[in-house]
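input_14.pdb, holding PDB, N, CA and C atoms:
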```pdb
ATOM      1  N   MET P 323       0.852  -1.176   0.000
ATOM      2  CA  MET P 323       0.000   0.000   0.000
ATOM      3  C   MET P 323       0.897   1.239   0.000
ATOM      4  N   SER P 324       0.633   2.157  -0.877
ATOM      5  CA  SER P 324       1.436   3.379  -0.923
ATOM      6  C   SER P 324       0.952   4.352   0.151
ATOM      7  N   GLU P 325       1.798   5.331   0.411
ATOM      8  CA  GLU P 325       1.509   6.287   1.475
ATOM      9  C   GLU P 325       1.624   7.707   0.963
ATOM     10  N   GLN P 326       1.052   8.616   1.717
ATOM     11  CA  GLN P 326       1.128  10.041   1.435
ATOM     12  C   GLN P 326       1.656  10.712   2.699
ATOM     13  N   THR P 327       2.615  11.615   2.546
ATOM     14  CA  THR P 327       3.155  12.338   3.687
ATOM     15  C   THR P 327       2.752  13.801   3.598
ATOM     16  N   ILE P 328       2.221  14.307   4.700
ATOM     17  CA  ILE P 328       1.802  15.701   4.797
ATOM     18  C   ILE P 328       2.767  16.388   5.752
ATOM     19  N   THR P 329       3.297  17.526   5.334
ATOM     20  CA  THR P 329       4.229  18.272   6.170
ATOM     21  C   THR P 329       3.648  19.636   6.487
ATOM     22  N   LEU P 330       3.745  20.031   7.761
ATOM     23  CA  LEU P 330       3.313  21.363   8.157
ATOM     24  C   LEU P 330       4.205  21.845   9.289
ATOM     25  N   ALA P 331       4.195  23.144   9.502
ATOM     26  CA  ALA P 331       4.984  23.736  10.576
ATOM     27  C   ALA P 331       4.345  23.400  11.920
ATOM     28  N   LEU P 332       5.179  23.102  12.915
ATOM     29  CA  LEU P 332       4.689  22.774  14.244
ATOM     30  C   LEU P 332       3.799  23.880  14.796
ATOM     31  N   ASP P 333       4.166  25.129  14.535
ATOM     32  CA  ASP P 333       3.377  26.233  15.092
ATOM     33  C   ASP P 333       2.024  26.431  14.404
ATOM     34  N   GLU P 334       1.728  25.649  13.369
ATOM     35  CA  GLU P 334       0.388  25.671  12.762
ATOM     36  C   GLU P 334      -0.623  24.907  13.611
ATOM     37  N   ILE P 335      -0.119  24.089  14.543
ATOM     38  CA  ILE P 335      -0.978  23.299  15.412
ATOM     39  C   ILE P 335      -0.981  23.971  16.779
ATOM     40  N   PRO P 336      -2.127  24.407  17.263
ATOM     41  CA  PRO P 336      -2.143  25.090  18.560
ATOM     42  C   PRO P 336      -1.755  24.139  19.690
ATOM     43  N   ASP P 337      -0.873  24.592  20.569
ATOM     44  CA  ASP P 337      -0.481  23.779  21.715
ATOM     45  C   ASP P 337      -1.700  23.568  22.605
ATOM     46  N   GLY P 338      -1.992  22.309  22.908
ATOM     47  CA  GLY P 338      -3.179  21.989  23.696
ATOM     48  C   GLY P 338      -4.434  21.907  22.848
ATOM     49  N   GLY P 339      -4.267  21.894  21.539
ATOM     50  CA  GLY P 339      -5.403  21.851  20.623
ATOM     51  C   GLY P 339      -5.119  20.983  19.424
ATOM     52  N   ALA P 340      -5.841  21.246  18.345
ATOM     53  CA  ALA P 340      -5.731  20.414  17.152
ATOM     54  C   ALA P 340      -5.864  21.237  15.887
ATOM     55  N   LYS P 341      -5.365  20.659  14.818
ATOM     56  CA  LYS P 341      -5.554  21.202  13.472
ATOM     57  C   LYS P 341      -6.158  20.075  12.647
ATOM     58  N   ILE P 342      -7.168  20.406  11.867
ATOM     59  CA  ILE P 342      -7.834  19.420  11.018
ATOM     60  C   ILE P 342      -7.395  19.644   9.583
ATOM     61  N   LEU P 343      -6.966  18.566   8.939
ATOM     62  CA  LEU P 343      -6.556  18.635   7.537
ATOM     63  C   LEU P 343      -7.401  17.674   6.717
ATOM     64  N   GLU P 344      -7.917  18.159   5.592
ATOM     65  CA  GLU P 344      -8.609  17.261   4.669
ATOM     66  C   GLU P 344      -7.559  16.691   3.731
ATOM     67  N   VAL P 345      -7.302  15.408   3.880
ATOM     68  CA  VAL P 345      -6.267  14.741   3.099
ATOM     69  C   VAL P 345      -6.785  14.421   1.704
ATOM     70  N   ARG P 346      -8.023  13.970   1.670
ATOM     71  CA  ARG P 346      -8.709  13.657   0.408
ATOM     72  C   ARG P 346     -10.183  13.505   0.730
ATOM     73  N   GLU P 347     -11.000  13.382  -0.286
ATOM     74  CA  GLU P 347     -12.422  13.207  -0.047
ATOM     75  C   GLU P 347     -12.649  11.971   0.820
ATOM     76  N   GLY P 348     -13.360  12.160   1.908
ATOM     77  CA  GLY P 348     -13.653  11.052   2.800
ATOM     78  C   GLY P 348     -12.646  10.836   3.915
ATOM     79  N   LEU P 349     -11.545  11.596   3.934
ATOM     80  CA  LEU P 349     -10.565  11.441   5.007
ATOM     81  C   LEU P 349     -10.061  12.793   5.494
ATOM     82  N   LYS P 350     -10.423  13.091   6.735
ATOM     83  CA  LYS P 350      -9.876  14.250   7.429
ATOM     84  C   LYS P 350      -9.061  13.717   8.598
ATOM     85  N   VAL P 351      -7.923  14.356   8.841
ATOM     86  CA  VAL P 351      -7.032  13.961   9.925
ATOM     87  C   VAL P 351      -6.988  15.094  10.946
ATOM     88  N   ALA P 352      -7.112  14.726  12.222
ATOM     89  CA  ALA P 352      -6.971  15.686  13.316
ATOM     90  C   ALA P 352      -5.590  15.473  13.923
ATOM     91  N   ILE P 353      -4.784  16.534  13.926
ATOM     92  CA  ILE P 353      -3.435  16.466  14.503
ATOM     93  C   ILE P 353      -3.466  17.235  15.821
ATOM     94  N   PHE P 354      -3.194  16.532  16.909
ATOM     95  CA  PHE P 354      -3.228  17.112  18.248
ATOM     96  C   PHE P 354      -1.811  17.403  18.708
ATOM     97  N   ARG P 355      -1.678  18.495  19.464
ATOM     98  CA  ARG P 355      -0.360  18.888  19.972
ATOM     99  C   ARG P 355      -0.421  19.066  21.481
ATOM    100  N   ASP P 356       0.556  18.462  22.138
ATOM    101  CA  ASP P 356       0.741  18.646  23.573
ATOM    102  C   ASP P 356       2.224  18.972  23.770
ATOM    103  N   GLY P 357       2.535  20.254  23.788
ATOM    104  CA  GLY P 357       3.928  20.683  23.906
ATOM    105  C   GLY P 357       4.721  20.349  22.660
ATOM    106  N   ASP P 358       5.733  19.490  22.827
ATOM    107  CA  ASP P 358       6.586  19.151  21.690
ATOM    108  C   ASP P 358       6.264  17.779  21.103
ATOM    109  N   ARG P 359       5.079  17.255  21.411
ATOM    110  CA  ARG P 359       4.680  15.982  20.807
ATOM    111  C   ARG P 359       3.327  16.139  20.122
ATOM    112  N   CYS P 360       3.126  15.337  19.096
ATOM    113  CA  CYS P 360       1.893  15.399  18.311
ATOM    114  C   CYS P 360       1.379  13.997  18.039
ATOM    115  N   ALA P 361       0.066  13.882  17.908
ATOM    116  CA  ALA P 361      -0.601  12.643  17.531
ATOM    117  C   ALA P 361      -1.582  12.961  16.418
ATOM    118  N   ALA P 362      -1.768  12.025  15.507
ATOM    119  CA  ALA P 362      -2.701  12.222  14.400
ATOM    120  C   ALA P 362      -3.676  11.053  14.350
ATOM    121  N   ILE P 363      -4.971  11.387  14.282
ATOM    122  CA  ILE P 363      -6.017  10.374  14.220
ATOM    123  C   ILE P 363      -7.047  10.769  13.165
ATOM    124  N   ASN P 364      -7.852   9.789  12.782
ATOM    125  CA  ASN P 364      -8.975  10.086  11.900
ATOM    126  C   ASN P 364      -9.885  11.058  12.637
ATOM    127  N   ASN P 365     -10.284  12.120  11.983
ATOM    128  CA  ASN P 365     -11.085  13.158  12.605
ATOM    129  C   ASN P 365     -12.505  12.700  12.940
ATOM    130  N   ARG P 366     -12.952  11.621  12.345
ATOM    131  CA  ARG P 366     -14.343  11.164  12.499
ATOM    132  C   ARG P 366     -14.500  10.300  13.757
ATOM    133  N   CYS P 367     -15.359  10.736  14.662
ATOM    134  CA  CYS P 367     -15.642   9.986  15.881
ATOM    135  C   CYS P 367     -16.322   8.661  15.516
ATOM    136  N   PRO P 368     -15.859   7.534  16.091
ATOM    137  CA  PRO P 368     -16.467   6.239  15.759
ATOM    138  C   PRO P 368     -17.866   6.061  16.357
ATOM    139  N   HIS P 369     -18.264   6.933  17.252
ATOM    140  CA  HIS P 369     -19.574   6.815  17.892
ATOM    141  C   HIS P 369     -20.682   7.401  17.016
ATOM    142  N   ALA P 370     -20.529   8.688  16.632
ATOM    143  CA  ALA P 370     -21.605   9.332  15.868
ATOM    144  C   ALA P 370     -21.084  10.211  14.739
ATOM    145  N   GLY P 371     -19.800  10.095  14.415
ATOM    146  CA  GLY P 371     -19.260  10.809  13.266
ATOM    147  C   GLY P 371     -18.887  12.253  13.505
ATOM    148  N   GLY P 372     -18.861  12.702  14.749
ATOM    149  CA  GLY P 372     -18.494  14.091  15.050
ATOM    150  C   GLY P 372     -17.035  14.386  14.729
ATOM    151  N   SER P 373     -16.701  15.649  14.698
ATOM    152  CA  SER P 373     -15.340  16.104  14.414
ATOM    153  C   SER P 373     -14.509  16.092  15.691
ATOM    154  N   LEU P 374     -13.625  15.112  15.826
ATOM    155  CA  LEU P 374     -12.800  15.006  17.027
ATOM    156  C   LEU P 374     -11.867  16.200  17.181
ATOM    157  N   GLY P 375     -11.398  16.751  16.073
ATOM    158  CA  GLY P 375     -10.504  17.904  16.128
ATOM    159  C   GLY P 375     -11.151  19.153  16.689
ATOM    160  N   GLU P 376     -12.468  19.163  16.767
ATOM    161  CA  GLU P 376     -13.198  20.299  17.332
ATOM    162  C   GLU P 376     -13.553  20.079  18.793
ATOM    163  N   GLY P 377     -13.171  18.919  19.343
ATOM    164  CA  GLY P 377     -13.495  18.604  20.728
ATOM    165  C   GLY P 377     -12.486  19.158  21.708
ATOM    166  N   GLU P 378     -12.798  19.030  22.994
ATOM    167  CA  GLU P 378     -11.893  19.476  24.051
ATOM    168  C   GLU P 378     -10.797  18.436  24.237
ATOM    169  N   PHE P 379      -9.547  18.906  24.240
ATOM    170  CA  PHE P 379      -8.367  18.048  24.353
ATOM    171  C   PHE P 379      -7.661  18.361  25.659
ATOM    172  N   ASP P 380      -7.396  17.312  26.461
ATOM    173  CA  ASP P 380      -6.758  17.525  27.764
ATOM    174  C   ASP P 380      -5.293  17.094  27.811
ATOM    175  N   GLY P 381      -4.702  16.837  26.648
ATOM    176  CA  GLY P 381      -3.320  16.385  26.594
ATOM    177  C   GLY P 381      -3.198  14.889  26.381
ATOM    178  N   THR P 382      -4.260  14.168  26.677
ATOM    179  CA  THR P 382      -4.296  12.721  26.465
ATOM    180  C   THR P 382      -5.526  12.331  25.661
ATOM    181  N   GLU P 383      -6.683  12.802  26.103
ATOM    182  CA  GLU P 383      -7.929  12.442  25.451
ATOM    183  C   GLU P 383      -8.614  13.657  24.847
ATOM    184  N   VAL P 384      -9.375  13.377  23.789
ATOM    185  CA  VAL P 384     -10.231  14.410  23.204
ATOM    186  C   VAL P 384     -11.672  13.952  23.421
ATOM    187  N   GLN P 385     -12.530  14.913  23.706
ATOM    188  CA  GLN P 385     -13.949  14.620  23.896
ATOM    189  C   GLN P 385     -14.714  15.111  22.686
ATOM    190  N   CYS P 386     -15.410  14.206  22.026
ATOM    191  CA  CYS P 386     -16.200  14.568  20.854
ATOM    192  C   CYS P 386     -17.252  15.601  21.241
ATOM    193  N   PRO P 387     -17.392  16.661  20.446
ATOM    194  CA  PRO P 387     -18.352  17.705  20.781
ATOM    195  C   PRO P 387     -19.822  17.284  20.612
ATOM    196  N   LEU P 388     -20.085  16.178  19.943
ATOM    197  CA  LEU P 388     -21.480  15.771  19.744
ATOM    198  C   LEU P 388     -22.102  15.117  20.973
ATOM    199  N   HIS P 389     -21.443  14.073  21.489
ATOM    200  CA  HIS P 389     -22.047  13.311  22.578
ATOM    201  C   HIS P 389     -21.071  13.015  23.717
ATOM    202  N   GLY P 390     -19.902  13.629  23.717
ATOM    203  CA  GLY P 390     -18.964  13.436  24.816
ATOM    204  C   GLY P 390     -18.131  12.171  24.746
ATOM    205  N   PHE P 391     -18.195  11.447  23.637
ATOM    206  CA  PHE P 391     -17.374  10.244  23.456
ATOM    207  C   PHE P 391     -15.904  10.642  23.597
ATOM    208  N   ARG P 392     -15.132   9.878  24.370
ATOM    209  CA  ARG P 392     -13.732  10.225  24.622
ATOM    210  C   ARG P 392     -12.807   9.276  23.873
ATOM    211  N   VAL P 393     -11.717   9.851  23.325
ATOM    212  CA  VAL P 393     -10.731   9.081  22.578
ATOM    213  C   VAL P 393      -9.339   9.431  23.082
ATOM    214  N   ASP P 394      -8.536   8.403  23.385
ATOM    215  CA  ASP P 394      -7.126   8.597  23.721
ATOM    216  C   ASP P 394      -6.389   8.782  22.396
ATOM    217  N   VAL P 395      -5.884   9.985  22.135
ATOM    218  CA  VAL P 395      -5.267  10.282  20.839
ATOM    219  C   VAL P 395      -3.924   9.575  20.660
ATOM    220  N   TRP P 396      -3.286   9.184  21.743
ATOM    221  CA  TRP P 396      -1.973   8.526  21.664
ATOM    222  C   TRP P 396      -2.107   7.036  21.399
ATOM    223  N   LYS P 397      -3.207   6.445  21.874
ATOM    224  CA  LYS P 397      -3.414   5.003  21.714
ATOM    225  C   LYS P 397      -4.408   4.669  20.607
ATOM    226  N   GLY P 398      -5.223   5.650  20.201
ATOM    227  CA  GLY P 398      -6.227   5.392  19.164
ATOM    228  C   GLY P 398      -7.372   4.534  19.666
ATOM    229  N   VAL P 399      -7.728   4.696  20.947
ATOM    230  CA  VAL P 399      -8.800   3.905  21.532
ATOM    231  C   VAL P 399      -9.811   4.836  22.182
ATOM    232  N   GLY P 400     -11.074   4.572  21.899
ATOM    233  CA  GLY P 400     -12.141   5.361  22.488
ATOM    234  C   GLY P 400     -12.890   4.590  23.543
ATOM    235  N   ASN P 401     -13.983   5.190  24.028
ATOM    236  CA  ASN P 401     -14.859   4.538  25.014
ATOM    237  C   ASN P 401     -15.157   3.107  24.585
ATOM    238  N   ALA P 402     -15.273   2.222  25.553
ATOM    239  CA  ALA P 402     -15.638   0.823  25.317
ATOM    240  C   ALA P 402     -14.684   0.139  24.337
ATOM    241  N   GLY P 403     -13.453   0.645  24.232
ATOM    242  CA  GLY P 403     -12.450   0.017  23.377
ATOM    243  C   GLY P 403     -12.627   0.222  21.892
ATOM    244  N   LYS P 404     -13.531   1.123  21.500
ATOM    245  CA  LYS P 404     -13.729   1.371  20.069
ATOM    246  C   LYS P 404     -12.470   1.981  19.468
ATOM    247  N   PRO P 405     -11.925   1.372  18.412
ATOM    248  CA  PRO P 405     -10.679   1.882  17.820
ATOM    249  C   PRO P 405     -10.912   3.116  16.955
ATOM    250  N   VAL P 406      -9.887   3.957  16.925
ATOM    251  CA  VAL P 406      -9.840   5.124  16.050
ATOM    252  C   VAL P 406      -8.549   5.009  15.257
ATOM    253  N   GLN P 407      -8.628   5.190  13.961
ATOM    254  CA  GLN P 407      -7.443   5.073  13.119
ATOM    255  C   GLN P 407      -6.407   6.122  13.497
ATOM    256  N   THR P 408      -5.178   5.680  13.689
ATOM    257  CA  THR P 408      -4.074   6.579  13.993
ATOM    258  C   THR P 408      -3.130   6.626  12.797
ATOM    259  N   PHE P 409      -2.318   7.671  12.745
ATOM    260  CA  PHE P 409      -1.360   7.849  11.654
ATOM    261  C   PHE P 409       0.012   8.144  12.242
ATOM    262  N   ASP P 410       1.055   7.694  11.549
ATOM    263  CA  ASP P 410       2.426   7.931  12.002
ATOM    264  C   ASP P 410       2.753   9.412  11.938
ATOM    265  N   VAL P 411       3.422   9.884  12.987
ATOM    266  CA  VAL P 411       3.822  11.286  13.092
ATOM    267  C   VAL P 411       5.299  11.339  13.413
ATOM    268  N   SER P 412       6.010  12.231  12.743
ATOM    269  CA  SER P 412       7.399  12.500  13.117
ATOM    270  C   SER P 412       7.579  14.011  13.190
ATOM    271  N   ILE P 413       8.374  14.421  14.172
ATOM    272  CA  ILE P 413       8.615  15.843  14.399
ATOM    273  C   ILE P 413      10.106  16.087  14.292
ATOM    274  N   SER P 414      10.478  17.104  13.516
ATOM    275  CA  SER P 414      11.879  17.488  13.418
ATOM    276  C   SER P 414      11.967  19.001  13.539
ATOM    277  N   SER P 415      12.637  19.445  14.551
ATOM    278  CA  SER P 415      12.785  20.860  14.922
ATOM    279  C   SER P 415      11.450  21.590  14.883
ATOM    280  N   ASP P 416      11.089  22.215  13.777
ATOM    281  CA  ASP P 416       9.866  23.015  13.744
ATOM    282  C   ASP P 416       8.835  22.518  12.738
ATOM    283  N   SER P 417       8.978  21.265  12.274
ATOM    284  CA  SER P 417       7.997  20.735  11.331
ATOM    285  C   SER P 417       7.443  19.388  11.800
ATOM    286  N   VAL P 418       6.259  19.080  11.299
ATOM    287  CA  VAL P 418       5.557  17.845  11.634
ATOM    288  C   VAL P 418       5.238  17.128  10.328
ATOM    289  N   GLU P 419       5.496  15.830  10.295
ATOM    290  CA  GLU P 419       5.139  15.023   9.133
ATOM    291  C   GLU P 419       4.153  13.957   9.576
ATOM    292  N   VAL P 420       3.056  13.851   8.847
ATOM    293  CA  VAL P 420       2.033  12.847   9.112
ATOM    294  C   VAL P 420       1.945  11.955   7.881
ATOM    295  N   THR P 421       2.018  10.640   8.105
ATOM    296  CA  THR P 421       1.964   9.681   6.995
ATOM    297  C   THR P 421       0.627   8.963   7.044
ATOM    298  N   VAL P 422      -0.080   9.030   5.909
ATOM    299  CA  VAL P 422      -1.375   8.357   5.796
ATOM    300  C   VAL P 422      -1.362   7.441   4.583
ATOM    301  N   PRO P 423      -2.161   6.364   4.613
ATOM    302  CA  PRO P 423      -2.267   5.515   3.439
ATOM    303  C   PRO P 423      -2.832   6.304   2.267
ATOM    304  N   ALA P 424      -2.312   6.059   1.085
ATOM    305  CA  ALA P 424      -2.827   6.733  -0.111
ATOM    306  C   ALA P 424      -4.222   6.193  -0.419
ATOM    307  N   GLY P 425      -5.050   7.043  -0.983
ATOM    308  CA  GLY P 425      -6.439   6.642  -1.250
ATOM    309  C   GLY P 425      -6.674   6.168  -2.628
TER     310      GLY P 425
END
```
What is this structure when it is put down as structure tokens?
Amino acid sequence: MSEQTITLALDEIPDGGAKILEVREGLKVAIFRDGDRCAAINNRCPHAGGSLGEGEFDGTEVQCPLHGFRVDVWKGVGNAGKPVQTFDVSISSDSVEVTVPAG
């Protein structure tokens, strides 16, 4: 399976928050930042399809704004063990690279 790498400046992602990127039709990625580390997950909540990148992020979990479903952004696991797709992230000085499967 081929991959696509997205590169952006670290300061484009708010510390303690998220940036949502539309990678392609049907796939949006939410990139969360906690200080000098970042995690990237599928933006779509597995519970009701809400935008996880718009939820409240506490440094470990994000709460979906629709119904409060919580997802651990580092492990890719939500309430009741529901999985959320995660993507590889690498950080070098002031840039972030996120690798997603090509569509």
Matched chain/residue IDs from the PyMOL selection byres (((chain P and resi 403-408 and name CA) around 6) and name CA), as an mmCIF file with N, CA and C atoms, in the frame of the given file:
```
data_model
loop_
_atom_site.group_PDB
_atom_site.id
_atom_site.type_symbol
_atom_site.label_atom_id
_atom_site.label_comp_id
_atom_site.auth_asym_id
_atom_site.auth_seq_id
_atom_site.Cartn_x
_atom_site.Cartn_y
_atom_site.Cartn_z
ATOM 1 N N ALA P 362 -1.768 12.025 15.507
ATOM 2 C CA ALA P 362 -2.701 12.222 14.400
ATOM 3 C C ALA P 362 -3.676 11.053 14.350
ATOM 4 N N ILE P 363 -4.971 11.387 14.282
ATOM 5 C CA ILE P 363 -6.017 10.374 14.220
ATOM 6 C C ILE P 363 -7.047 10.769 13.165
ATOM 7 N N ASN P 364 -7.852 9.789 12.782
ATOM 8 C CA ASN P 364 -8.975 10.086 11.900
ATOM 9 C C ASN P 364 -9.885 11.058 12.637
ATOM 10 N N GLY P 398 -5.223 5.650 20.201
ATOM 11 C CA GLY P 398 -6.227 5.392 19.164
ATOM 12 C C GLY P 398 -7.372 4.534 19.666
ATOM 13 N N VAL P 399 -7.728 4.696 20.947
ATOM 14 C CA VAL P 399 -8.800 3.905 21.532
ATOM 15 C C VAL P 399 -9.811 4.836 22.182
ATOM 16 N N GLY P 400 -11.074 4.572 21.899
ATOM 17 C CA GLY P 400 -12.141 5.361 22.488
ATOM 18 C C GLY P 400 -12.890 4.590 23.543
ATOM 19 N N ASN P 401 -13.983 5.190 24.028
ATOM 20 C CA ASN P 401 -14.859 4.538 25.014
ATOM 21 C C ASN P 401 -15.157 3.107 24.585
ATOM 22 N N ALA P 402 -15.273 2.222 25.553
ATOM 23 C CA ALA P 402 -15.638 0.823 25.317
ATOM 24 C C ALA P 402 -14.684 0.139 24.337
ATOM 25 N N PHE P 409 -2.318 7.671 12.745
ATOM 26 C CA PHE P 409 -1.360 7.849 11.654
ATOM 27 C C PHE P 409 0.012 8.144 12.242
#
```
List the residues selected by the PyMOL selection byres (((chain P and resi 325 and name CA) around 6) and name CA) in the file shown, writing them as a short mmCIF file (atom, residue, chain, number, x, y, z; two decimals) with N, CA and C atoms, in the coordinates of the input.
```cif
data_model
loop_
_atom_site.label_atom_id
_atom_site.label_comp_id
_atom_site.auth_asym_id
_atom_site.auth_seq_id
_atom_site.Cartn_x
_atom_site.Cartn_y
_atom_site.Cartn_z
N SER P 324 0.63 2.16 -0.88
CA SER P 324 1.44 3.38 -0.92
C SER P 324 0.95 4.35 0.15
N GLN P 326 1.05 8.62 1.72
CA GLN P 326 1.13 10.04 1.44
C GLN P 326 1.66 10.71 2.70
N VAL P 422 -0.08 9.03 5.91
CA VAL P 422 -1.38 8.36 5.80
C VAL P 422 -1.36 7.44 4.58
N PRO P 423 -2.16 6.36 4.61
CA PRO P 423 -2.27 5.52 3.44
C PRO P 423 -2.83 6.30 2.27
N ALA P 424 -2.31 6.06 1.08
CA ALA P 424 -2.83 6.73 -0.11
C ALA P 424 -4.22 6.19 -0.42
#
```
query = Distance atom N of P:Gly371-atom C of P:Gly338, one decimal place?
reply = 21.1 Å
key: Distance query stretch 378-380 of chain P at most 12 Å, only C-alpha atoms, self and fewer than 2 positions along chain excluded, as an MDAnalysis selection string   = chainID P and resid 336:341 352:357 361 373:376 382:396
request  = Name all residues at most 9 Å from P:Asp416 (count only C-alpha atoms; drop same-chain ones fewer than 3 positions away) and give them as a VMD selection string.
outcome  = chain P and resid 330 to 333 413
Around all the atoms of stretch 391-408 of chain P listed in the file, draw an axis-aligned box and extend it by 4 Å on each of the six sides; I want its centre and edge lengths in Å to one decimal, as AutoDock Vina command-line options.
```
--center_x -10.1 --center_y 5.7 --center_z 19.2 --size_x 24.2 --size_y 19.4 --size_z 20.8
```
Could you rebuild stretch 336-348 of chain P with N, CA, C and O atoms and give it back as a PDB file, in the frame of the given file?
```
ATOM      1  N   PRO P 336      -2.127  24.407  17.263  1.00  0.00           N
ATOM      2  CA  PRO P 336      -2.143  25.090  18.560  1.00  0.00           C
ATOM      3  C   PRO P 336      -1.755  24.139  19.690  1.00  0.00           C
ATOM      4  O   PRO P 336      -2.238  22.998  19.740  1.00  0.00           O
ATOM      5  N   ASP P 337      -0.873  24.592  20.569  1.00  0.00           N
ATOM      6  CA  ASP P 337      -0.481  23.779  21.715  1.00  0.00           C
ATOM      7  C   ASP P 337      -1.700  23.568  22.605  1.00  0.00           C
ATOM      8  O   ASP P 337      -2.405  24.512  22.951  1.00  0.00           O
ATOM      9  N   GLY P 338      -1.992  22.309  22.908  1.00  0.00           N
ATOM     10  CA  GLY P 338      -3.179  21.989  23.696  1.00  0.00           C
ATOM     11  C   GLY P 338      -4.434  21.907  22.848  1.00  0.00           C
ATOM     12  O   GLY P 338      -5.544  21.845  23.370  1.00  0.00           O
ATOM     13  N   GLY P 339      -4.267  21.894  21.539  1.00  0.00           N
ATOM     14  CA  GLY P 339      -5.403  21.851  20.623  1.00  0.00           C
ATOM     15  C   GLY P 339      -5.119  20.983  19.424  1.00  0.00           C
ATOM     16  O   GLY P 339      -4.258  20.117  19.460  1.00  0.00           O
ATOM     17  N   ALA P 340      -5.841  21.246  18.345  1.00  0.00           N
ATOM     18  CA  ALA P 340      -5.731  20.414  17.152  1.00  0.00           C
ATOM     19  C   ALA P 340      -5.864  21.237  15.887  1.00  0.00           C
ATOM     20  O   ALA P 340      -6.414  22.334  15.893  1.00  0.00           O
ATOM     21  N   LYS P 341      -5.365  20.659  14.818  1.00  0.00           N
ATOM     22  CA  LYS P 341      -5.554  21.202  13.472  1.00  0.00           C
ATOM     23  C   LYS P 341      -6.158  20.075  12.647  1.00  0.00           C
ATOM     24  O   LYS P 341      -5.699  18.937  12.716  1.00  0.00           O
ATOM     25  N   ILE P 342      -7.168  20.406  11.867  1.00  0.00           N
ATOM     26  CA  ILE P 342      -7.834  19.420  11.018  1.00  0.00           C
ATOM     27  C   ILE P 342      -7.395  19.644   9.583  1.00  0.00           C
ATOM     28  O   ILE P 342      -7.445  20.762   9.079  1.00  0.00           O
ATOM     29  N   LEU P 343      -6.966  18.566   8.939  1.00  0.00           N
ATOM     30  CA  LEU P 343      -6.556  18.635   7.537  1.00  0.00           C
ATOM     31  C   LEU P 343      -7.401  17.674   6.717  1.00  0.00           C
ATOM     32  O   LEU P 343      -7.570  16.509   7.103  1.00  0.00           O
ATOM     33  N   GLU P 344      -7.917  18.159   5.592  1.00  0.00           N
ATOM     34  CA  GLU P 344      -8.609  17.261   4.669  1.00  0.00           C
ATOM     35  C   GLU P 344      -7.559  16.691   3.731  1.00  0.00           C
ATOM     36  O   GLU P 344      -6.982  17.407   2.919  1.00  0.00           O
ATOM     37  N   VAL P 345      -7.302  15.408   3.880  1.00  0.00           N
ATOM     38  CA  VAL P 345      -6.267  14.741   3.099  1.00  0.00           C
ATOM     39  C   VAL P 345      -6.785  14.421   1.704  1.00  0.00           C
ATOM     40  O   VAL P 345      -6.093  14.578   0.716  1.00  0.00           O
ATOM     41  N   ARG P 346      -8.023  13.970   1.670  1.00  0.00           N
ATOM     42  CA  ARG P 346      -8.709  13.657   0.408  1.00  0.00           C
ATOM     43  C   ARG P 346     -10.183  13.505   0.730  1.00  0.00           C
ATOM     44  O   ARG P 346     -10.558  13.491   1.904  1.00  0.00           O
ATOM     45  N   GLU P 347     -11.000  13.382  -0.286  1.00  0.00           N
ATOM     46  CA  GLU P 347     -12.422  13.207  -0.047  1.00  0.00           C
ATOM     47  C   GLU P 347     -12.649  11.971   0.820  1.00  0.00           C
ATOM     48  O   GLU P 347     -12.124  10.897   0.544  1.00  0.00           O
ATOM     49  N   GLY P 348     -13.360  12.160   1.908  1.00  0.00           N
ATOM     50  CA  GLY P 348     -13.653  11.052   2.800  1.00  0.00           C
ATOM     51  C   GLY P 348     -12.646  10.836   3.915  1.00  0.00           C
ATOM     52  O   GLY P 348     -12.853   9.975   4.760  1.00  0.00           O
TER      53      GLY P 348
END
```
